[in-house]
file entry-v2.txt (compact mmCIF, N, CA and C atoms)
# COMPACT_ATOMS: atom_id res chain seq x y z
N MET W 499 49.69 35.20 -33.75
CA MET W 499 48.67 34.58 -34.55
C MET W 499 47.36 34.56 -33.76
N LYS W 500 46.26 34.84 -34.47
CA LYS W 500 44.95 34.88 -33.84
C LYS W 500 44.32 33.49 -33.84
N THR W 501 43.56 33.24 -32.79
CA THR W 501 42.84 31.97 -32.73
C THR W 501 41.57 32.08 -33.57
N PRO W 502 41.00 30.95 -33.95
CA PRO W 502 39.76 31.00 -34.74
C PRO W 502 38.63 31.72 -33.99
N ARG W 503 38.62 31.62 -32.70
CA ARG W 503 37.59 32.29 -31.91
C ARG W 503 37.71 33.80 -32.04
N GLU W 504 38.90 34.30 -31.90
CA GLU W 504 39.12 35.74 -32.02
C GLU W 504 38.74 36.25 -33.40
N ILE W 505 39.01 35.47 -34.41
CA ILE W 505 38.66 35.87 -35.78
C ILE W 505 37.14 35.96 -35.92
N LEU W 506 36.44 34.97 -35.42
CA LEU W 506 34.98 34.97 -35.51
C LEU W 506 34.36 36.12 -34.71
N LEU W 507 34.87 36.36 -33.52
CA LEU W 507 34.33 37.44 -32.69
C LEU W 507 34.56 38.80 -33.36
N GLU W 508 35.70 38.98 -33.97
CA GLU W 508 36.01 40.23 -34.66
C GLU W 508 35.11 40.43 -35.88
N ARG W 509 34.86 39.36 -36.59
CA ARG W 509 34.05 39.44 -37.80
C ARG W 509 32.58 39.75 -37.47
N HIS W 510 32.07 39.27 -36.32
CA HIS W 510 30.65 39.44 -35.98
C HIS W 510 30.43 40.48 -34.88
N LYS W 511 31.39 41.37 -34.67
CA LYS W 511 31.28 42.39 -33.63
C LYS W 511 30.11 43.33 -33.88
N ASN W 512 29.83 43.66 -35.12
CA ASN W 512 28.77 44.62 -35.42
C ASN W 512 27.37 44.00 -35.27
N VAL W 513 27.26 42.67 -35.19
CA VAL W 513 25.97 42.01 -35.04
C VAL W 513 25.61 41.83 -33.56
N ALA W 514 26.54 41.96 -32.64
CA ALA W 514 26.31 41.71 -31.22
C ALA W 514 25.16 42.53 -30.64
N PRO W 515 25.01 43.85 -30.93
CA PRO W 515 23.87 44.59 -30.36
C PRO W 515 22.52 44.05 -30.83
N LYS W 516 22.44 43.62 -32.11
CA LYS W 516 21.18 43.06 -32.60
C LYS W 516 20.85 41.75 -31.88
N LEU W 517 21.87 40.93 -31.64
CA LEU W 517 21.65 39.67 -30.93
C LEU W 517 21.22 39.90 -29.49
N ASP W 518 21.80 40.93 -28.85
CA ASP W 518 21.39 41.26 -27.48
C ASP W 518 19.92 41.68 -27.43
N ALA W 519 19.48 42.46 -28.43
CA ALA W 519 18.08 42.90 -28.47
C ALA W 519 17.15 41.70 -28.64
N ILE W 520 17.51 40.78 -29.52
CA ILE W 520 16.70 39.57 -29.73
C ILE W 520 16.65 38.74 -28.46
N ARG W 521 17.79 38.60 -27.78
CA ARG W 521 17.86 37.84 -26.54
C ARG W 521 16.96 38.45 -25.48
N CYS W 522 16.99 39.77 -25.33
CA CYS W 522 16.16 40.44 -24.33
C CYS W 522 14.67 40.24 -24.64
N GLU W 523 14.33 40.31 -25.92
CA GLU W 523 12.94 40.12 -26.31
C GLU W 523 12.46 38.69 -25.99
N CYS W 524 13.29 37.70 -26.29
CA CYS W 524 12.93 36.30 -26.02
C CYS W 524 12.80 36.03 -24.52
N VAL W 525 13.74 36.57 -23.75
CA VAL W 525 13.69 36.38 -22.30
C VAL W 525 12.45 37.06 -21.72
N GLY W 526 12.12 38.22 -22.24
CA GLY W 526 10.91 38.92 -21.77
C GLY W 526 9.65 38.13 -22.08
N GLN W 527 9.58 37.55 -23.28
CA GLN W 527 8.42 36.74 -23.62
C GLN W 527 8.33 35.49 -22.75
N ALA W 528 9.46 34.86 -22.50
CA ALA W 528 9.47 33.65 -21.67
C ALA W 528 9.04 33.97 -20.25
N SER W 529 9.50 35.09 -19.71
CA SER W 529 9.12 35.44 -18.34
C SER W 529 7.64 35.81 -18.26
N SER W 530 7.11 36.48 -19.29
CA SER W 530 5.68 36.81 -19.26
C SER W 530 4.84 35.54 -19.39
N LEU W 531 5.31 34.56 -20.16
CA LEU W 531 4.59 33.28 -20.26
C LEU W 531 4.59 32.56 -18.92
N SER W 532 5.71 32.58 -18.24
CA SER W 532 5.78 31.91 -16.94
C SER W 532 4.88 32.60 -15.93
N ARG W 533 4.78 33.94 -15.99
CA ARG W 533 3.87 34.66 -15.09
C ARG W 533 2.42 34.29 -15.40
N ASN W 534 2.10 34.18 -16.68
CA ASN W 534 0.74 33.78 -17.05
C ASN W 534 0.43 32.37 -16.58
N LYS W 535 1.41 31.49 -16.68
CA LYS W 535 1.22 30.12 -16.20
C LYS W 535 0.98 30.11 -14.70
N MET W 536 1.73 30.92 -13.99
CA MET W 536 1.58 30.98 -12.54
C MET W 536 0.19 31.46 -12.16
N SER W 537 -0.34 32.45 -12.88
CA SER W 537 -1.67 32.95 -12.56
C SER W 537 -2.73 31.93 -12.94
N GLU W 538 -2.49 31.15 -13.99
CA GLU W 538 -3.43 30.11 -14.39
C GLU W 538 -3.47 28.98 -13.38
N THR W 539 -2.33 28.61 -12.81
CA THR W 539 -2.29 27.49 -11.87
C THR W 539 -3.06 27.80 -10.61
N GLY W 540 -3.20 29.04 -10.25
CA GLY W 540 -4.01 29.40 -9.09
C GLY W 540 -5.47 29.07 -9.32
N LYS W 541 -5.93 29.12 -10.55
CA LYS W 541 -7.32 28.83 -10.89
C LYS W 541 -7.53 27.37 -11.25
N MET W 542 -6.45 26.62 -11.45
CA MET W 542 -6.52 25.23 -11.90
C MET W 542 -6.88 24.31 -10.73
N PRO W 543 -7.69 23.28 -10.98
CA PRO W 543 -8.00 22.33 -9.90
C PRO W 543 -6.73 21.62 -9.42
N VAL W 544 -6.75 21.23 -8.18
CA VAL W 544 -5.56 20.65 -7.54
C VAL W 544 -5.16 19.34 -8.22
N LEU W 545 -6.14 18.50 -8.54
CA LEU W 545 -5.80 17.21 -9.16
C LEU W 545 -5.13 17.40 -10.52
N LEU W 546 -5.62 18.35 -11.30
CA LEU W 546 -5.00 18.61 -12.59
C LEU W 546 -3.60 19.17 -12.41
N LEU W 547 -3.42 20.00 -11.42
CA LEU W 547 -2.09 20.55 -11.13
C LEU W 547 -1.12 19.43 -10.73
N VAL W 548 -1.58 18.52 -9.86
CA VAL W 548 -0.73 17.40 -9.45
C VAL W 548 -0.40 16.54 -10.66
N TRP W 549 -1.39 16.31 -11.52
CA TRP W 549 -1.17 15.50 -12.72
C TRP W 549 -0.10 16.14 -13.60
N ARG W 550 -0.22 17.46 -13.84
CA ARG W 550 0.71 18.14 -14.74
C ARG W 550 2.11 18.26 -14.16
N GLU W 551 2.20 18.44 -12.85
CA GLU W 551 3.51 18.71 -12.25
C GLU W 551 4.23 17.45 -11.75
N LEU W 552 3.48 16.45 -11.27
CA LEU W 552 4.14 15.29 -10.67
C LEU W 552 4.09 14.04 -11.54
N ILE W 553 2.93 13.73 -12.06
CA ILE W 553 2.77 12.43 -12.73
C ILE W 553 3.14 12.49 -14.20
N PHE W 554 2.63 13.46 -14.94
CA PHE W 554 2.83 13.50 -16.38
C PHE W 554 4.31 13.59 -16.79
N PRO W 555 5.14 14.41 -16.14
CA PRO W 555 6.55 14.47 -16.57
C PRO W 555 7.30 13.16 -16.35
N SER W 556 6.90 12.37 -15.36
CA SER W 556 7.62 11.12 -15.08
C SER W 556 6.69 9.92 -15.23
N ARG W 557 5.93 9.90 -16.31
CA ARG W 557 4.93 8.84 -16.49
C ARG W 557 5.56 7.47 -16.67
N ARG W 558 6.75 7.38 -17.23
CA ARG W 558 7.40 6.08 -17.38
C ARG W 558 7.75 5.48 -16.02
N ILE W 559 8.20 6.32 -15.12
CA ILE W 559 8.54 5.84 -13.78
C ILE W 559 7.29 5.36 -13.06
N TRP W 560 6.20 6.14 -13.13
CA TRP W 560 4.95 5.75 -12.48
C TRP W 560 4.39 4.46 -13.09
N THR W 561 4.51 4.32 -14.40
CA THR W 561 4.04 3.10 -15.06
C THR W 561 4.87 1.91 -14.58
N SER W 562 6.17 2.09 -14.46
CA SER W 562 7.04 1.00 -13.98
C SER W 562 6.68 0.61 -12.56
N LEU W 563 6.46 1.61 -11.69
CA LEU W 563 6.07 1.31 -10.31
C LEU W 563 4.74 0.57 -10.25
N ALA W 564 3.78 0.97 -11.07
CA ALA W 564 2.49 0.28 -11.10
C ALA W 564 2.66 -1.16 -11.56
N ALA W 565 3.49 -1.38 -12.57
CA ALA W 565 3.73 -2.74 -13.06
C ALA W 565 4.39 -3.60 -11.98
N ILE W 566 5.33 -3.03 -11.25
CA ILE W 566 6.01 -3.77 -10.18
C ILE W 566 5.01 -4.15 -9.09
N TRP W 567 4.13 -3.21 -8.70
CA TRP W 567 3.14 -3.51 -7.66
C TRP W 567 2.16 -4.58 -8.13
N ILE W 568 1.76 -4.56 -9.39
CA ILE W 568 0.87 -5.59 -9.92
C ILE W 568 1.58 -6.95 -9.88
N PHE W 569 2.86 -6.97 -10.26
CA PHE W 569 3.63 -8.21 -10.22
C PHE W 569 3.72 -8.75 -8.79
N ILE W 570 4.00 -7.87 -7.82
CA ILE W 570 4.08 -8.28 -6.41
C ILE W 570 2.74 -8.84 -5.95
N PHE W 571 1.64 -8.20 -6.32
CA PHE W 571 0.31 -8.68 -5.93
C PHE W 571 0.04 -10.06 -6.50
N ILE W 572 0.39 -10.27 -7.77
CA ILE W 572 0.15 -11.57 -8.40
C ILE W 572 0.99 -12.66 -7.73
N VAL W 573 2.26 -12.37 -7.47
CA VAL W 573 3.13 -13.36 -6.82
C VAL W 573 2.63 -13.66 -5.42
N ASN W 574 2.23 -12.65 -4.68
CA ASN W 574 1.73 -12.84 -3.32
C ASN W 574 0.45 -13.68 -3.33
N PHE W 575 -0.43 -13.40 -4.26
CA PHE W 575 -1.68 -14.14 -4.34
C PHE W 575 -1.45 -15.59 -4.74
N SER W 576 -0.50 -15.82 -5.63
CA SER W 576 -0.24 -17.19 -6.09
C SER W 576 0.50 -18.02 -5.04
N MET W 577 1.19 -17.40 -4.12
CA MET W 577 1.95 -18.13 -3.11
C MET W 577 1.17 -18.30 -1.80
N ARG W 578 -0.12 -17.98 -1.82
CA ARG W 578 -0.93 -18.13 -0.61
C ARG W 578 -0.95 -19.57 -0.17
N ASP W 579 -1.00 -19.79 1.13
CA ASP W 579 -1.03 -21.13 1.68
C ASP W 579 -2.45 -21.66 1.59
N ARG W 580 -2.66 -22.65 0.76
CA ARG W 580 -4.00 -23.19 0.55
C ARG W 580 -4.40 -24.18 1.66
N SER W 581 -3.47 -24.60 2.51
CA SER W 581 -3.79 -25.54 3.57
C SER W 581 -4.72 -24.89 4.60
N GLU W 582 -4.60 -23.59 4.82
CA GLU W 582 -5.49 -22.91 5.76
C GLU W 582 -6.93 -22.98 5.27
N VAL W 583 -7.11 -22.84 3.96
CA VAL W 583 -8.45 -22.91 3.39
C VAL W 583 -9.00 -24.33 3.54
N ALA W 584 -8.15 -25.32 3.30
CA ALA W 584 -8.59 -26.71 3.42
C ALA W 584 -8.94 -27.04 4.87
N LEU W 585 -8.16 -26.55 5.83
CA LEU W 585 -8.46 -26.81 7.24
C LEU W 585 -9.75 -26.14 7.66
N ALA W 586 -10.04 -25.00 7.11
CA ALA W 586 -11.27 -24.30 7.47
C ALA W 586 -12.49 -25.06 6.96
N LYS W 587 -12.34 -25.77 5.86
CA LYS W 587 -13.48 -26.50 5.29
C LYS W 587 -13.78 -27.79 6.06
N ILE W 588 -12.79 -28.36 6.74
CA ILE W 588 -13.00 -29.59 7.49
C ILE W 588 -13.82 -29.27 8.74
N ALA W 589 -14.90 -30.02 8.92
CA ALA W 589 -15.78 -29.78 10.07
C ALA W 589 -15.16 -30.41 11.32
N ALA W 590 -15.49 -29.85 12.47
CA ALA W 590 -15.03 -30.41 13.73
C ALA W 590 -15.74 -31.74 13.96
N PRO W 591 -15.06 -32.69 14.59
CA PRO W 591 -15.70 -34.00 14.82
C PRO W 591 -16.89 -33.86 15.76
N SER W 592 -17.93 -34.64 15.48
CA SER W 592 -19.13 -34.58 16.30
C SER W 592 -18.89 -35.32 17.61
N SER W 593 -19.81 -35.13 18.55
CA SER W 593 -19.67 -35.79 19.86
C SER W 593 -19.83 -37.29 19.71
N GLN W 594 -20.66 -37.76 18.77
CA GLN W 594 -20.81 -39.20 18.54
C GLN W 594 -19.51 -39.80 18.04
N MET W 595 -18.81 -39.07 17.16
CA MET W 595 -17.55 -39.56 16.63
C MET W 595 -16.52 -39.67 17.75
N ILE W 596 -16.51 -38.70 18.65
CA ILE W 596 -15.55 -38.73 19.76
C ILE W 596 -15.85 -39.91 20.68
N LEU W 597 -17.14 -40.16 20.99
CA LEU W 597 -17.51 -41.29 21.84
C LEU W 597 -17.10 -42.62 21.19
N ALA W 598 -17.32 -42.73 19.88
CA ALA W 598 -16.96 -43.96 19.18
C ALA W 598 -15.45 -44.18 19.23
N GLN W 599 -14.68 -43.12 19.10
CA GLN W 599 -13.22 -43.24 19.17
C GLN W 599 -12.79 -43.66 20.56
N GLU W 600 -13.44 -43.12 21.59
CA GLU W 600 -13.07 -43.47 22.97
C GLU W 600 -13.41 -44.93 23.26
N ARG W 601 -14.55 -45.40 22.77
CA ARG W 601 -14.91 -46.81 22.96
C ARG W 601 -13.90 -47.73 22.27
N LEU W 602 -13.53 -47.36 21.05
CA LEU W 602 -12.57 -48.17 20.32
C LEU W 602 -11.23 -48.19 21.03
N LEU W 603 -10.80 -47.06 21.54
CA LEU W 603 -9.54 -46.99 22.29
C LEU W 603 -9.63 -47.82 23.56
N ALA W 604 -10.78 -47.79 24.23
CA ALA W 604 -10.96 -48.56 25.46
C ALA W 604 -10.93 -50.05 25.16
N GLU W 605 -11.53 -50.47 24.04
CA GLU W 605 -11.49 -51.89 23.67
C GLU W 605 -10.07 -52.33 23.35
N LEU W 606 -9.34 -51.49 22.67
CA LEU W 606 -7.98 -51.86 22.30
C LEU W 606 -7.04 -51.91 23.50
N THR W 607 -7.24 -51.04 24.44
CA THR W 607 -6.36 -51.02 25.62
C THR W 607 -6.96 -51.81 26.77
N GLU W 608 -8.15 -52.37 26.57
CA GLU W 608 -8.84 -53.18 27.57
C GLU W 608 -9.03 -52.43 28.88
N THR W 609 -9.49 -51.24 28.79
CA THR W 609 -9.84 -50.46 29.98
C THR W 609 -11.30 -50.06 29.87
N GLU W 610 -11.83 -49.53 30.95
CA GLU W 610 -13.22 -49.11 30.94
C GLU W 610 -13.33 -47.77 30.22
N PRO W 611 -14.34 -47.62 29.37
CA PRO W 611 -14.49 -46.32 28.68
C PRO W 611 -14.94 -45.23 29.65
N ARG W 612 -14.45 -44.04 29.38
CA ARG W 612 -14.86 -42.91 30.21
C ARG W 612 -16.26 -42.48 29.78
N ILE W 613 -17.00 -42.02 30.74
CA ILE W 613 -18.32 -41.47 30.42
C ILE W 613 -18.12 -39.99 30.16
N ALA W 614 -18.56 -39.58 29.00
CA ALA W 614 -18.38 -38.18 28.62
C ALA W 614 -19.30 -37.30 29.45
N GLU W 615 -18.71 -36.30 30.08
CA GLU W 615 -19.49 -35.35 30.87
C GLU W 615 -19.97 -34.24 29.95
N PRO W 616 -21.15 -33.77 30.19
CA PRO W 616 -21.61 -32.65 29.36
C PRO W 616 -20.76 -31.41 29.65
N ALA W 617 -20.56 -30.63 28.65
CA ALA W 617 -19.72 -29.44 28.80
C ALA W 617 -20.41 -28.43 29.71
N LYS W 618 -19.64 -27.89 30.63
CA LYS W 618 -20.19 -26.89 31.54
C LYS W 618 -20.23 -25.55 30.82
N THR W 619 -21.36 -24.93 30.90
CA THR W 619 -21.49 -23.61 30.28
C THR W 619 -21.46 -22.56 31.37
N PHE W 620 -20.83 -21.48 31.07
CA PHE W 620 -20.72 -20.38 32.01
C PHE W 620 -21.92 -19.48 31.86
N SER W 621 -22.62 -19.28 32.97
CA SER W 621 -23.74 -18.34 32.94
C SER W 621 -23.53 -17.35 34.08
N PRO W 622 -23.23 -16.13 33.76
CA PRO W 622 -22.98 -15.16 34.82
C PRO W 622 -24.25 -14.84 35.59
N ARG W 623 -24.07 -14.67 36.90
CA ARG W 623 -25.21 -14.33 37.74
C ARG W 623 -25.34 -12.81 37.81
N PRO W 624 -26.51 -12.35 38.05
CA PRO W 624 -26.66 -10.90 38.24
C PRO W 624 -25.86 -10.44 39.45
N SER W 625 -25.47 -9.23 39.45
CA SER W 625 -24.63 -8.72 40.54
C SER W 625 -25.36 -8.73 41.87
N SER W 626 -26.67 -8.75 41.86
CA SER W 626 -27.41 -8.77 43.12
C SER W 626 -27.29 -10.12 43.81
N GLU W 627 -26.94 -11.19 43.10
CA GLU W 627 -26.83 -12.52 43.69
C GLU W 627 -25.40 -12.88 44.09
N ARG W 628 -24.47 -12.03 43.82
CA ARG W 628 -23.08 -12.32 44.17
C ARG W 628 -22.88 -12.19 45.67
N LYS W 629 -22.02 -13.04 46.18
CA LYS W 629 -21.70 -12.99 47.61
C LYS W 629 -20.53 -12.08 47.84
N ILE W 630 -20.62 -11.29 48.83
CA ILE W 630 -19.53 -10.38 49.18
C ILE W 630 -18.77 -10.98 50.34
N GLN W 631 -17.49 -11.11 50.18
CA GLN W 631 -16.66 -11.65 51.24
C GLN W 631 -15.97 -10.52 51.95
N ILE W 632 -16.13 -10.46 53.20
CA ILE W 632 -15.50 -9.42 54.01
C ILE W 632 -14.33 -10.05 54.74
N VAL W 633 -13.18 -9.51 54.55
CA VAL W 633 -11.98 -10.04 55.17
C VAL W 633 -11.61 -9.11 56.30
N THR W 634 -11.50 -9.67 57.48
CA THR W 634 -11.10 -8.87 58.64
C THR W 634 -9.72 -9.31 59.09
N THR W 635 -8.96 -8.36 59.49
CA THR W 635 -7.61 -8.68 59.96
C THR W 635 -7.43 -8.40 61.41

call {"tool": "encode", "arguments": {"input": "entry-v2.txt", "output": "structure tokens"}}
result
Amino acid sequence: MKTPREILLERHKNVAPKLDAIRCECVGQASSLSRNKMSETGKMPVLLLVWRELIFPSRRIWTSLAAIWIFIFIVNFSMRDRSEVALAKIAAPSSQMILAQERLLAELTETEPRIAEPAKTFSPRPSSERKIQIVTT
């Protein structure tokens, strides 16, 4: 007994050469189109080529990645530590405020207040005024 496949192949045996001719014609057209595309891409700007070959075929993936990065940026921005900003806005205490605090502390502890010394500033001397030390052994 013949299988259905064998019956079909036997029935369409005389059409096989026509189908082969059509197949060859289609493959030839497809290969000539691909050759034309290849020659066109040489003349195409690089950005357009990157767009057509990398981004456009997978635009859903690129859109998803962009959405994820935007979400990460928003979460990162919203979780910023605002205490650093508040500390930066607070001014350093003035020298009068420090003296007043020292006097108050001295009164409370019943000791003599310290006299605040002026801050020493570093002023480099010219190299011609430096002393050279010669060490002899």

call {"tool": "atom_distance", "arguments": {"input": "entry-v2.txt", "atom1": "atom N of Ala604 in chain W", "atom2": "atom C of Ser592 in chain W"}}
result
16.3 Å

call {"tool": "atom_distance", "arguments": {"input": "entry-v2.txt", "atom1": "atom C of Ser556 in chain W", "atom2": "atom N of Val544 in chain W"}}
result
18.9 Å

call {"tool": "atom_distance", "arguments": {"input": "entry-v2.txt", "atom1": "CA of Ala564 in chain W", "atom2": "CA of Leu552 in chain W"}}
result
15.1 Å
